Amino acid sequence: MSHSVDLMDVEMAFGGVHAVRRLSAHVEGGEFFSILGPSGCGKTTILRLIAGFINPTAGRVLIGGKDMAGIGADRRPTSMIFQSLALFPLMSVWENIAFGLEVRRMPKADRRRRAEELLELIALPGYGDRMVHELSGGQKQRVAIARALAVEPQVLLLDEPLSALDLKLRQHMRAELRALQKRTGVTFIYITHDQSEALAMSDRVAVMSAGVLQQIATPRELYSSPATPFVAKFVGETNEFAGKVSRTVDGIAVVDGPHGSFAGRAGDEVVVGGTAAVYVRPEAVTVSREARPDSLEARADRIEFEGAVAMLHATSREGQPLLAAIPNQLLSRAPAAGETVWLSFVPDEALVLAHG
Ligand SMILES: Nc1ncnc2c1ncn2[C@@H]1O[C@H](COP(=O)(O)OP(=O)(O)OP(=O)(O)O)[C@@H](O)[C@H]1O
């Protein structure tokens, strides 16, 4: 089993900028753990803290249960893959892969053997003597991964390594990375601002906003039970109806707002009288041409075909944009632009979260 990573009350300030605020997280050994958040939320800073390129202003970083204070980047059991890959253009593929082993003074024949093993692992056998410019984007990506794995790290730190690839290749590499992680058993800590990437690959995901940890959960939990309004809006699409909580009954909270009253499952910090919002996913919204009890009148704006479903974009009378997913089999009966529709949902499929 590879090493676990613990962040204990970690803080990182650069002058007046608090890049990371009191972060505590436990990454299991052998886990594929992603850190997801918008640009500037502190993702790269966390990787650099784990790698030992910077030291926390406060708190502790443990790898394999061992406190890393005073242990430099070169002595940590980690390896990092950067966005830019940073392969050496004047070296062959195998020399690139074996670079870290040369630094460790491994004899050349052994380095070559290890490089060949890794080329097998990344499904590029026979590519050792090529130059880096003779590879495709996805192949370069795999070589960067092999180079990082060559030094047998316990923890592999990946900083948006797929961001330079086109969409098709990115999707393909997701599956490859995931398979490689399972095959090697190395702990992967992967940072990305792309939620679909994080959801597709990870055992668990940490969502960050402005240096603050919002939630750590499995991809399914993040989607079905977001802990904060930020997570509800950042992970997947959602409709938001803000207002004041008028009552709670049997775990269901009712929120009164400009759109009327809507109900959903009450999140932890919901209190009567407090400000909150009802969050409901587009696929939980039913579209009707007739007014129904507890439904919301809206004008259909357009339908965007997304493949598996189509998304109805509508606007409420109050001017709020709304989303409802329309299954393909109902698409022929979907409303036309400009039509009046009524949107509804059942409280069990909506979530009420307090606004801090
Ligand atoms: N060396 C530094 N000196 C000063 N401020 C820094 C430094 N490194 C990062 N920051 C600031 O800390 C915050 C977090 O930066 P970080 O690079 O960790 O974000 P990120 O989530 O990785 O963003 P991106 O997705 O754009 O790479 C930002 O406000 C950034 O400007």
# chains A, B, ... in the order shown; residues from 1 in each chain; ligands from 1
>>> residues_near_ligand(ligand="ligand 1", cutoff="8 Å", atoms="only C-alpha atoms and all ligand atoms", output="list in words")
Ala13, Phe14, Gly15, Val17, His18, Ala19, Val20, Gly37, Pro38, Ser39, Gly40, Cys41, Gly42, Lys43, Thr44, Thr45, Ile46, Ile191, Thr192, His193, Ala210 and Gly211 of chain A
>>> residues_around(residues="range 140-155 of chain A", least_positions_apart="2", cutoff="6 Å", atoms="only C-alpha atoms", output="ChimeraX atom specification")
/A:2-3,77-79,85,97,118,135,137-138,186-188
>>> residues_around(residues="Ser163 in chain A", least_positions_apart="5", cutoff="9 Å", atoms="only C-alpha atoms", output="count of residues only")
4
>>> closest_residue(among="A:Gly59, A:Pro125, A:Pro226, A:Gly30", to="Leu180 in chain A", atoms="only C-alpha atoms")
A:Gly30
>>> select_by_dssp(residues="range 8-129 of chain A", states="helix (DSSP H, G or I)", output="PyMOL selection string")
chain A and resi 43-51+73-75+93-97+99-103+108-121
